[in-house]
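Participant: Got a file for you: upload-v2.pdb, PDB, C-alpha atoms and all ligand atoms.
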ATOM      1  CA  MET A   1       8.621  13.063  40.302  1.00  0.00           C
ATOM      2  CA  GLY A   2       6.985   9.628  40.507  1.00  0.00           C
ATOM      3  CA  ARG A   3       6.865   6.838  37.963  1.00  0.00           C
ATOM      4  CA  GLN A   4       3.479   7.940  36.573  1.00  0.00           C
ATOM      5  CA  GLN A   5       4.675  11.519  36.078  1.00  0.00           C
ATOM      6  CA  LEU A   6       7.819  10.291  34.360  1.00  0.00           C
ATOM      7  CA  LEU A   7       5.734   8.144  32.005  1.00  0.00           C
ATOM      8  CA  ALA A   8       3.489  11.071  31.190  1.00  0.00           C
ATOM      9  CA  SER A   9       6.457  13.261  30.324  1.00  0.00           C
ATOM     10  CA  LEU A  10       8.095  10.436  28.300  1.00  0.00           C
ATOM     11  CA  ARG A  11       5.017  10.326  26.087  1.00  0.00           C
ATOM     12  CA  THR A  12       6.016  13.683  24.593  1.00  0.00           C
ATOM     13  CA  SER A  13       9.171  12.180  23.056  1.00  0.00           C
ATOM     14  CA  VAL A  14       8.501   8.411  22.852  1.00  0.00           C
ATOM     15  CA  SER A  15       5.511   6.899  21.057  1.00  0.00           C
ATOM     16  CA  ASP A  16       6.352   3.162  21.025  1.00  0.00           C
ATOM     17  CA  GLU A  17       3.953   1.584  23.557  1.00  0.00           C
ATOM     18  CA  ARG A  18       6.272  -1.397  24.123  1.00  0.00           C
ATOM     19  CA  VAL A  19       9.058   0.960  25.196  1.00  0.00           C
ATOM     20  CA  LEU A  20       6.720   2.898  27.504  1.00  0.00           C
ATOM     21  CA  ALA A  21       5.549  -0.395  29.026  1.00  0.00           C
ATOM     22  CA  ALA A  22       9.176  -1.414  29.610  1.00  0.00           C
ATOM     23  CA  VAL A  23       9.859   1.873  31.451  1.00  0.00           C
ATOM     24  CA  ALA A  24       6.728   1.268  33.530  1.00  0.00           C
ATOM     25  CA  GLN A  25       7.899  -2.263  34.417  1.00  0.00           C
ATOM     26  CA  VAL A  26      11.557  -1.763  35.325  1.00  0.00           C
ATOM     27  CA  PRO A  27      12.163  -0.322  38.822  1.00  0.00           C
ATOM     28  CA  ARG A  28      14.867   2.314  38.139  1.00  0.00           C
ATOM     29  CA  GLU A  29      15.436   2.744  41.886  1.00  0.00           C
ATOM     30  CA  LEU A  30      17.091  -0.710  41.985  1.00  0.00           C
ATOM     31  CA  PHE A  31      19.793   0.553  39.616  1.00  0.00           C
ATOM     32  CA  VAL A  32      20.886   3.625  41.612  1.00  0.00           C
ATOM     33  CA  ALA A  33      22.517   4.037  45.040  1.00  0.00           C
ATOM     34  CA  PRO A  34      20.094   4.157  48.011  1.00  0.00           C
ATOM     35  CA  ALA A  35      20.853   7.868  48.612  1.00  0.00           C
ATOM     36  CA  LEU A  36      19.658   8.703  45.086  1.00  0.00           C
ATOM     37  CA  ARG A  37      16.486   6.623  45.085  1.00  0.00           C
ATOM     38  CA  ARG A  38      14.254   9.627  45.631  1.00  0.00           C
ATOM     39  CA  PHE A  39      15.491  10.953  42.251  1.00  0.00           C
ATOM     40  CA  ALA A  40      14.996   7.614  40.451  1.00  0.00           C
ATOM     41  CA  TYR A  41      11.958   8.860  38.500  1.00  0.00           C
ATOM     42  CA  ALA A  42      13.240  12.340  37.726  1.00  0.00           C
ATOM     43  CA  ASP A  43      14.000  12.749  34.041  1.00  0.00           C
ATOM     44  CA  ARG A  44      17.679  13.417  34.619  1.00  0.00           C
ATOM     45  CA  PRO A  45      20.993  11.572  34.514  1.00  0.00           C
ATOM     46  CA  LEU A  46      22.209  10.165  37.859  1.00  0.00           C
ATOM     47  CA  PRO A  47      25.721   9.242  39.082  1.00  0.00           C
ATOM     48  CA  ILE A  48      26.310   5.472  39.364  1.00  0.00           C
ATOM     49  CA  GLY A  49      29.832   5.429  40.857  1.00  0.00           C
ATOM     50  CA  GLY A  50      33.244   5.270  39.236  1.00  0.00           C
ATOM     51  CA  GLY A  51      32.627   8.763  37.774  1.00  0.00           C
ATOM     52  CA  GLN A  52      29.976   7.313  35.439  1.00  0.00           C
ATOM     53  CA  THR A  53      26.331   8.257  34.957  1.00  0.00           C
ATOM     54  CA  ILE A  54      23.112   6.559  33.976  1.00  0.00           C
ATOM     55  CA  SER A  55      21.512   8.651  31.192  1.00  0.00           C
ATOM     56  CA  GLN A  56      18.190  10.401  31.662  1.00  0.00           C
ATOM     57  CA  PRO A  57      15.163   8.136  31.117  1.00  0.00           C
ATOM     58  CA  THR A  58      13.974  10.085  28.046  1.00  0.00           C
ATOM     59  CA  LEU A  59      17.244   9.407  26.245  1.00  0.00           C
ATOM     60  CA  VAL A  60      17.427   5.747  27.307  1.00  0.00           C
ATOM     61  CA  ALA A  61      13.834   5.229  26.123  1.00  0.00           C
ATOM     62  CA  ARG A  62      14.481   7.057  22.805  1.00  0.00           C
ATOM     63  CA  MET A  63      17.511   4.846  22.140  1.00  0.00           C
ATOM     64  CA  CYS A  64      15.440   1.716  22.871  1.00  0.00           C
ATOM     65  CA  GLU A  65      12.768   2.965  20.479  1.00  0.00           C
ATOM     66  CA  MET A  66      15.271   3.642  17.698  1.00  0.00           C
ATOM     67  CA  LEU A  67      16.528   0.033  17.877  1.00  0.00           C
ATOM     68  CA  GLU A  68      13.048  -1.211  16.813  1.00  0.00           C
ATOM     69  CA  LEU A  69      13.374  -4.370  18.917  1.00  0.00           C
ATOM     70  CA  SER A  70      11.237  -7.469  18.682  1.00  0.00           C
ATOM     71  CA  ASP A  71      10.778 -10.372  21.112  1.00  0.00           C
ATOM     72  CA  ASP A  72      13.189 -12.732  19.375  1.00  0.00           C
ATOM     73  CA  ASP A  73      16.111 -10.274  19.012  1.00  0.00           C
ATOM     74  CA  LEU A  74      19.558 -10.949  20.446  1.00  0.00           C
ATOM     75  CA  VAL A  75      21.037  -7.716  21.827  1.00  0.00           C
ATOM     76  CA  LEU A  76      24.510  -6.494  22.798  1.00  0.00           C
ATOM     77  CA  ASP A  77      24.704  -3.608  25.316  1.00  0.00           C
ATOM     78  CA  VAL A  78      28.103  -1.872  25.452  1.00  0.00           C
ATOM     79  CA  GLY A  79      28.879   0.202  28.575  1.00  0.00           C
ATOM     80  CA  SER A  80      26.195  -1.355  30.766  1.00  0.00           C
ATOM     81  CA  GLY A  81      27.040   0.786  33.819  1.00  0.00           C
ATOM     82  CA  SER A  82      24.198   0.344  36.308  1.00  0.00           C
ATOM     83  CA  GLY A  83      22.420  -2.207  34.092  1.00  0.00           C
ATOM     84  CA  TYR A  84      19.278  -0.060  33.760  1.00  0.00           C
ATOM     85  CA  HIS A  85      19.481   0.351  29.991  1.00  0.00           C
ATOM     86  CA  ALA A  86      20.157  -3.403  29.653  1.00  0.00           C
ATOM     87  CA  ALA A  87      17.088  -4.060  31.823  1.00  0.00           C
ATOM     88  CA  LEU A  88      14.859  -2.014  29.495  1.00  0.00           C
ATOM     89  CA  LEU A  89      16.363  -3.731  26.431  1.00  0.00           C
ATOM     90  CA  SER A  90      15.648  -7.116  28.032  1.00  0.00           C
ATOM     91  CA  ARG A  91      11.908  -6.296  28.236  1.00  0.00           C
ATOM     92  CA  LEU A  92      11.911  -5.731  24.463  1.00  0.00           C
ATOM     93  CA  SER A  93      14.030  -8.636  23.220  1.00  0.00           C
ATOM     94  CA  ARG A  94      14.963 -12.310  23.706  1.00  0.00           C
ATOM     95  CA  TYR A  95      18.321 -11.889  25.433  1.00  0.00           C
ATOM     96  CA  VAL A  96      20.777  -9.103  26.271  1.00  0.00           C
ATOM     97  CA  TYR A  97      24.535  -9.511  26.681  1.00  0.00           C
ATOM     98  CA  GLY A  98      25.952  -6.499  28.521  1.00  0.00           C
ATOM     99  CA  ILE A  99      29.641  -5.560  28.700  1.00  0.00           C
ATOM    100  CA  GLU A 100      31.015  -3.073  31.231  1.00  0.00           C
ATOM    101  CA  LEU A 101      34.683  -2.049  31.534  1.00  0.00           C
ATOM    102  CA  ASP A 102      34.527  -1.294  35.276  1.00  0.00           C
ATOM    103  CA  GLU A 103      34.479  -4.608  37.175  1.00  0.00           C
ATOM    104  CA  GLU A 104      32.678  -3.221  40.225  1.00  0.00           C
ATOM    105  CA  LEU A 105      29.950  -1.656  38.101  1.00  0.00           C
ATOM    106  CA  ALA A 106      29.583  -4.882  36.108  1.00  0.00           C
ATOM    107  CA  ALA A 107      29.125  -6.915  39.308  1.00  0.00           C
ATOM    108  CA  GLN A 108      26.652  -4.389  40.722  1.00  0.00           C
ATOM    109  CA  ALA A 109      24.689  -4.334  37.444  1.00  0.00           C
ATOM    110  CA  ALA A 110      24.421  -8.131  37.508  1.00  0.00           C
ATOM    111  CA  ARG A 111      23.095  -7.948  41.106  1.00  0.00           C
ATOM    112  CA  SER A 112      20.566  -5.229  40.236  1.00  0.00           C
ATOM    113  CA  LEU A 113      19.249  -7.235  37.274  1.00  0.00           C
ATOM    114  CA  GLU A 114      18.813 -10.232  39.551  1.00  0.00           C
ATOM    115  CA  LEU A 115      17.011  -8.114  42.177  1.00  0.00           C
ATOM    116  CA  ALA A 116      14.714  -6.818  39.451  1.00  0.00           C
ATOM    117  CA  GLY A 117      13.872 -10.442  38.615  1.00  0.00           C
ATOM    118  CA  ILE A 118      15.334 -10.186  35.108  1.00  0.00           C
ATOM    119  CA  ASP A 119      16.687 -13.511  33.852  1.00  0.00           C
ATOM    120  CA  ASN A 120      17.287 -12.720  30.158  1.00  0.00           C
ATOM    121  CA  ALA A 121      20.164 -10.250  30.587  1.00  0.00           C
ATOM    122  CA  THR A 122      23.730 -10.733  31.832  1.00  0.00           C
ATOM    123  CA  VAL A 123      26.478  -8.165  32.353  1.00  0.00           C
ATOM    124  CA  VAL A 124      30.128  -9.193  32.214  1.00  0.00           C
ATOM    125  CA  ALA A 125      33.282  -7.141  32.775  1.00  0.00           C
ATOM    126  CA  GLY A 126      35.322  -6.409  29.669  1.00  0.00           C
ATOM    127  CA  ASP A 127      36.176  -4.039  26.844  1.00  0.00           C
ATOM    128  CA  GLY A 128      32.969  -3.582  24.897  1.00  0.00           C
ATOM    129  CA  SER A 129      34.624  -1.828  21.957  1.00  0.00           C
ATOM    130  CA  ALA A 130      35.709  -5.318  20.831  1.00  0.00           C
ATOM    131  CA  GLY A 131      32.099  -6.518  21.070  1.00  0.00           C
ATOM    132  CA  LEU A 132      31.397 -10.145  21.952  1.00  0.00           C
ATOM    133  CA  PRO A 133      32.452 -12.131  18.857  1.00  0.00           C
ATOM    134  CA  GLU A 134      31.591 -15.500  20.442  1.00  0.00           C
ATOM    135  CA  ARG A 135      27.896 -14.493  20.667  1.00  0.00           C
ATOM    136  CA  ALA A 136      27.653 -12.537  17.386  1.00  0.00           C
ATOM    137  CA  PRO A 137      25.826 -11.749  15.187  1.00  0.00           C
ATOM    138  CA  PHE A 138      23.449  -9.439  17.089  1.00  0.00           C
ATOM    139  CA  ASP A 139      20.079  -8.166  15.894  1.00  0.00           C
ATOM    140  CA  ALA A 140      20.687  -4.957  17.827  1.00  0.00           C
ATOM    141  CA  ILE A 141      23.673  -3.270  19.484  1.00  0.00           C
ATOM    142  CA  ASN A 142      23.340  -0.436  21.996  1.00  0.00           C
ATOM    143  CA  VAL A 143      26.379   1.686  22.908  1.00  0.00           C
ATOM    144  CA  ALA A 144      26.262   4.061  25.908  1.00  0.00           C
ATOM    145  CA  ALA A 145      29.714   5.665  25.748  1.00  0.00           C
ATOM    146  CA  THR A 146      31.066   7.991  23.065  1.00  0.00           C
ATOM    147  CA  ALA A 147      33.473   6.686  20.440  1.00  0.00           C
ATOM    148  CA  HIS A 148      35.737   9.075  18.537  1.00  0.00           C
ATOM    149  CA  GLY A 149      35.371   9.616  14.806  1.00  0.00           C
ATOM    150  CA  GLU A 150      33.596   6.353  14.021  1.00  0.00           C
ATOM    151  CA  VAL A 151      31.531   3.524  15.464  1.00  0.00           C
ATOM    152  CA  PRO A 152      34.020   0.835  16.617  1.00  0.00           C
ATOM    153  CA  PRO A 153      34.442  -1.364  13.507  1.00  0.00           C
ATOM    154  CA  ALA A 154      34.258  -4.597  15.560  1.00  0.00           C
ATOM    155  CA  LEU A 155      30.721  -3.659  16.632  1.00  0.00           C
ATOM    156  CA  GLU A 156      29.541  -2.975  13.080  1.00  0.00           C
ATOM    157  CA  GLU A 157      31.046  -6.315  12.036  1.00  0.00           C
ATOM    158  CA  GLN A 158      28.989  -8.123  14.689  1.00  0.00           C
ATOM    159  CA  LEU A 159      25.680  -6.760  13.389  1.00  0.00           C
ATOM    160  CA  ALA A 160      23.384  -9.315  11.723  1.00  0.00           C
ATOM    161  CA  VAL A 161      21.837  -8.631   8.309  1.00  0.00           C
ATOM    162  CA  GLY A 162      18.736  -6.576   9.171  1.00  0.00           C
ATOM    163  CA  GLY A 163      20.397  -5.516  12.428  1.00  0.00           C
ATOM    164  CA  ARG A 164      20.437  -2.023  13.976  1.00  0.00           C
ATOM    165  CA  LEU A 165      23.120  -0.337  16.086  1.00  0.00           C
ATOM    166  CA  ILE A 166      22.897   2.926  18.000  1.00  0.00           C
ATOM    167  CA  ALA A 167      25.970   4.702  19.352  1.00  0.00           C
ATOM    168  CA  PRO A 168      27.100   8.179  20.371  1.00  0.00           C
ATOM    169  CA  VAL A 169      30.011   9.286  18.164  1.00  0.00           C
ATOM    170  CA  ALA A 170      32.126  12.458  18.474  1.00  0.00           C
ATOM    171  CA  TYR A 171      33.123  14.244  15.293  1.00  0.00           C
ATOM    172  CA  GLU A 172      35.431  17.253  15.799  1.00  0.00           C
ATOM    173  CA  GLY A 173      34.077  17.957  19.274  1.00  0.00           C
ATOM    174  CA  THR A 174      30.334  17.500  18.684  1.00  0.00           C
ATOM    175  CA  GLU A 175      28.606  14.308  19.765  1.00  0.00           C
ATOM    176  CA  HIS A 176      25.684  12.773  17.922  1.00  0.00           C
ATOM    177  CA  LEU A 177      23.806   9.533  18.066  1.00  0.00           C
ATOM    178  CA  VAL A 178      24.496   7.445  14.969  1.00  0.00           C
ATOM    179  CA  LEU A 179      22.096   4.749  13.800  1.00  0.00           C
ATOM    180  CA  VAL A 180      23.655   1.982  11.710  1.00  0.00           C
ATOM    181  CA  ARG A 181      21.638  -0.559   9.753  1.00  0.00           C
ATOM    182  CA  ARG A 182      23.065  -3.589   8.029  1.00  0.00           C
ATOM    183  CA  SER A 183      21.237  -4.735   4.898  1.00  0.00           C
ATOM    184  CA  ARG A 184      22.321  -7.304   2.310  1.00  0.00           C
ATOM    185  CA  ASP A 185      23.961  -4.431   0.429  1.00  0.00           C
ATOM    186  CA  GLY A 186      26.050  -3.284   3.379  1.00  0.00           C
ATOM    187  CA  LEU A 187      25.940  -0.648   6.115  1.00  0.00           C
ATOM    188  CA  GLN A 188      23.806   2.477   6.134  1.00  0.00           C
ATOM    189  CA  ARG A 189      24.675   5.164   8.730  1.00  0.00           C
ATOM    190  CA  THR A 190      22.331   7.985   9.812  1.00  0.00           C
ATOM    191  CA  LEU A 191      23.294  10.944  12.004  1.00  0.00           C
ATOM    192  CA  LEU A 192      20.652  11.708  14.686  1.00  0.00           C
ATOM    193  CA  ASP A 193      20.270  13.906  17.805  1.00  0.00           C
ATOM    194  CA  ALA A 194      23.138  15.764  19.477  1.00  0.00           C
ATOM    195  CA  VAL A 195      23.880  14.105  22.852  1.00  0.00           C
ATOM    196  CA  ARG A 196      26.387  13.984  25.749  1.00  0.00           C
ATOM    197  CA  PHE A 197      27.799  10.668  27.007  1.00  0.00           C
ATOM    198  CA  VAL A 198      30.938   9.665  28.898  1.00  0.00           C
ATOM    199  CA  PRO A 199      33.830   8.607  26.627  1.00  0.00           C
ATOM    200  CA  LEU A 200      34.293   5.018  25.447  1.00  0.00           C
ATOM    201  CA  ARG A 201      37.662   4.004  26.869  1.00  0.00           C
TER     202      ARG A 201
HETATM  203  N1  LIG B 301      24.019   2.294  30.105  1.00  0.00           N
HETATM  204  C1  LIG B 301      24.426   2.610  31.444  1.00  0.00           C
HETATM  205  C2  LIG B 301      25.126   3.933  31.590  1.00  0.00           C
HETATM  206  C3  LIG B 301      26.423   3.895  30.969  1.00  0.00           C
HETATM  207  S1  LIG B 301      27.593   5.148  31.293  1.00  0.00           S
HETATM  208  C4  LIG B 301      23.264   2.531  32.420  1.00  0.00           C
HETATM  209  O1  LIG B 301      22.142   2.229  32.012  1.00  0.00           O
HETATM  210  O2  LIG B 301      23.509   2.746  33.601  1.00  0.00           O
HETATM  211  C5  LIG B 301      28.812   4.473  30.211  1.00  0.00           C
HETATM  212  C6  LIG B 301      29.503   3.252  30.728  1.00  0.00           C
HETATM  213  O3  LIG B 301      30.394   2.813  29.717  1.00  0.00           O
HETATM  214  C7  LIG B 301      30.334   3.484  31.982  1.00  0.00           C
HETATM  215  O4  LIG B 301      29.875   2.646  32.993  1.00  0.00           O
HETATM  216  C8  LIG B 301      31.757   3.120  31.540  1.00  0.00           C
HETATM  217  O5  LIG B 301      32.494   2.466  32.559  1.00  0.00           O
HETATM  218  C9  LIG B 301      31.503   2.207  30.366  1.00  0.00           C
HETATM  219  N2  LIG B 301      32.575   2.064  29.391  1.00  0.00           N
HETATM  220  C10 LIG B 301      33.421   3.014  28.912  1.00  0.00           C
HETATM  221  N3  LIG B 301      34.239   2.470  27.992  1.00  0.00           N
HETATM  222  C11 LIG B 301      33.909   1.153  27.893  1.00  0.00           C
HETATM  223  C12 LIG B 301      34.422   0.061  27.121  1.00  0.00           C
HETATM  224  N4  LIG B 301      35.443   0.209  26.267  1.00  0.00           N
HETATM  225  N5  LIG B 301      33.848  -1.158  27.283  1.00  0.00           N
HETATM  226  C13 LIG B 301      32.817  -1.337  28.166  1.00  0.00           C
HETATM  227  N6  LIG B 301      32.312  -0.341  28.920  1.00  0.00           N
HETATM  228  C14 LIG B 301      32.858   0.887  28.791  1.00  0.00           C
END
Translate this structure into structure tokens?
Ligand code: SAH

Facilitator:
Amino acid sequence: MGRQQLLASLRTSVSDERVLAAVAQVPRELFVAPALRRFAYADRPLPIGGGQTISQPTLVARMCEMLELSDDDLVLDVGSGSGYHAALLSRLSRYVYGIELDEELAAQAARSLELAGIDNATVVAGDGSAGLPERAPFDAINVAATAHGEVPPALEEQLAVGGRLIAPVAYEGTEHLVLVRRSRDGLQRTLLDAVRFVPLR
């Protein structure tokens, strides 16, 4: 499947034109190993090393859409892996701080972002469940690894008023995406699609 075919199939689940344009702009092949490049535009998850996977483009695009990003948003990306999701987020916002637990993946993600010519996203190695308090508050937070029972409280705390957070959360064995919004009155949590992600460690 080529990039045009992928975009056509994405249109069945994603309607935000800005998100579709971001998928069209970011070369996914730069974020996967050379041996997997011929699958870069298949709508499927791909291994990225360290036993981790980059989610399928439809899911990554849906998550971007649900964050309702605008050009001046500051974004935190937890579990940056290959950096692909961070790259898409960077096309839709002002700046993206990515955190990845695996040091090798974090370094590779930073290189891939540079190769893609993206200068408004950085990926650092660290434990993303603690967030990045020194850069908070964030207008949007994206989490790509499953937390157990609840969204990590530190991440909800680092959400700006008006901010949105999306994270996979496991409740008694079933995983769902959870969308959190912070308003002046507090946090509002909505349970969305069933999904499968690697665990947040
Ligand atoms: N968003 C990524 C795919 C992520 S897979 C992409 O676009 O490629 C989930 C990632 O979360 C893995 O790379 C894993 O190492 C990382 N991870 C797991 N627990 C983490 C934690 N506590 N802090 C930061 N990263 C974590």

Participant: Which residues sit within 8 Å of ligand LIG 301 (chain B), counting only C-alpha atoms and all ligand atoms, listed as a PyMOL selection string?

Facilitator: chain A and resi 31+48+50+52-55+60+77-86+99-102+105+125-130+143-145+197-201

Participant: Which residues come within 12 Å of A:Ala21, counting all atoms listed in the file, excluding same-chain residues fewer than 3 positions away, as a PyMOL selection string?

Facilitator: chain A and resi 3-4+7-8+10-11+14-18+24-27+61+64-65+88-89+91-92

Participant: When the PyMOL selection byres (((chain A and resi 141) around 10) and not hetatm) is applied to the file above, which residues end up in the set, as an mmCIF file with C-alpha atoms, in the coordinates of the input?

Facilitator:
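What landed in part.cif:
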data_model
loop_
_atom_site.group_PDB
_atom_site.id
_atom_site.type_symbol
_atom_site.label_atom_id
_atom_site.label_comp_id
_atom_site.auth_asym_id
_atom_site.auth_seq_id
_atom_site.Cartn_x
_atom_site.Cartn_y
_atom_site.Cartn_z
ATOM 1 C CA LEU A 67 16.528 0.033 17.877
ATOM 2 C CA LEU A 74 19.558 -10.949 20.446
ATOM 3 C CA VAL A 75 21.037 -7.716 21.827
ATOM 4 C CA LEU A 76 24.510 -6.494 22.798
ATOM 5 C CA ASP A 77 24.704 -3.608 25.316
ATOM 6 C CA VAL A 78 28.103 -1.872 25.452
ATOM 7 C CA VAL A 96 20.777 -9.103 26.271
ATOM 8 C CA TYR A 97 24.535 -9.511 26.681
ATOM 9 C CA GLY A 98 25.952 -6.499 28.521
ATOM 10 C CA GLY A 131 32.099 -6.518 21.070
ATOM 11 C CA PRO A 137 25.826 -11.749 15.187
ATOM 12 C CA PHE A 138 23.449 -9.439 17.089
ATOM 13 C CA ASP A 139 20.079 -8.166 15.894
ATOM 14 C CA ALA A 140 20.687 -4.957 17.827
ATOM 15 C CA ASN A 142 23.340 -0.436 21.996
ATOM 16 C CA VAL A 143 26.379 1.686 22.908
ATOM 17 C CA LEU A 155 30.721 -3.659 16.632
ATOM 18 C CA GLU A 156 29.541 -2.975 13.080
ATOM 19 C CA GLN A 158 28.989 -8.123 14.689
ATOM 20 C CA LEU A 159 25.680 -6.760 13.389
ATOM 21 C CA ALA A 160 23.384 -9.315 11.723
ATOM 22 C CA GLY A 163 20.397 -5.516 12.428
ATOM 23 C CA ARG A 164 20.437 -2.023 13.976
ATOM 24 C CA LEU A 165 23.120 -0.337 16.086
ATOM 25 C CA ILE A 166 22.897 2.926 18.000
ATOM 26 C CA ALA A 167 25.970 4.702 19.352
ATOM 27 C CA LEU A 179 22.096 4.749 13.800
ATOM 28 C CA VAL A 180 23.655 1.982 11.710
#

Participant: So what does the PyMOL selection byres (((chain A and resi 183) around 6) and not hetatm) actually pick up in this one, as an MDAnalysis selection string?

Facilitator: chainID A and resid 161:162 182 184:186

Participant: Give the padded box for stretch 39-51 of chain A as lines of an AutoDock Vina configuration file: axis-aligned, covering all atoms listed in the file, 5 Å on each side, centre and edge lengths in Å to one decimal.

Facilitator:
center_x = 22.6
center_y = 9.3
center_z = 38.1
size_x = 31.3
size_y = 18.1
size_z = 18.2

Participant: If we count all atoms listed in the file, what is near A:Val178 at a cut-off of 9 Å, once residues fewer than 5 positions away on the same chain are taken out, given as an MDAnalysis selection string?

Facilitator: chainID A and resid 151 165:169 189:193

Participant: One decimal, Å: what's the distance from atom CA of A:Leu46 over to atom CA of A:Leu113, could you say?

Facilitator: 17.7 Å

Participant: Between atom CA of A:Thr58 and atom CA of A:Met1, what is the spacing in Å?

Facilitator: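 It comes out at 13.7 Å.
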
Participant: Which value, in Å to one decimal, gives the distance between atom CA of A:Ser70 and atom CA of A:Leu6?

Facilitator: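 Computed distance, atom CA of A:Ser70 to atom CA of A:Leu6, equals 23.9 Å.
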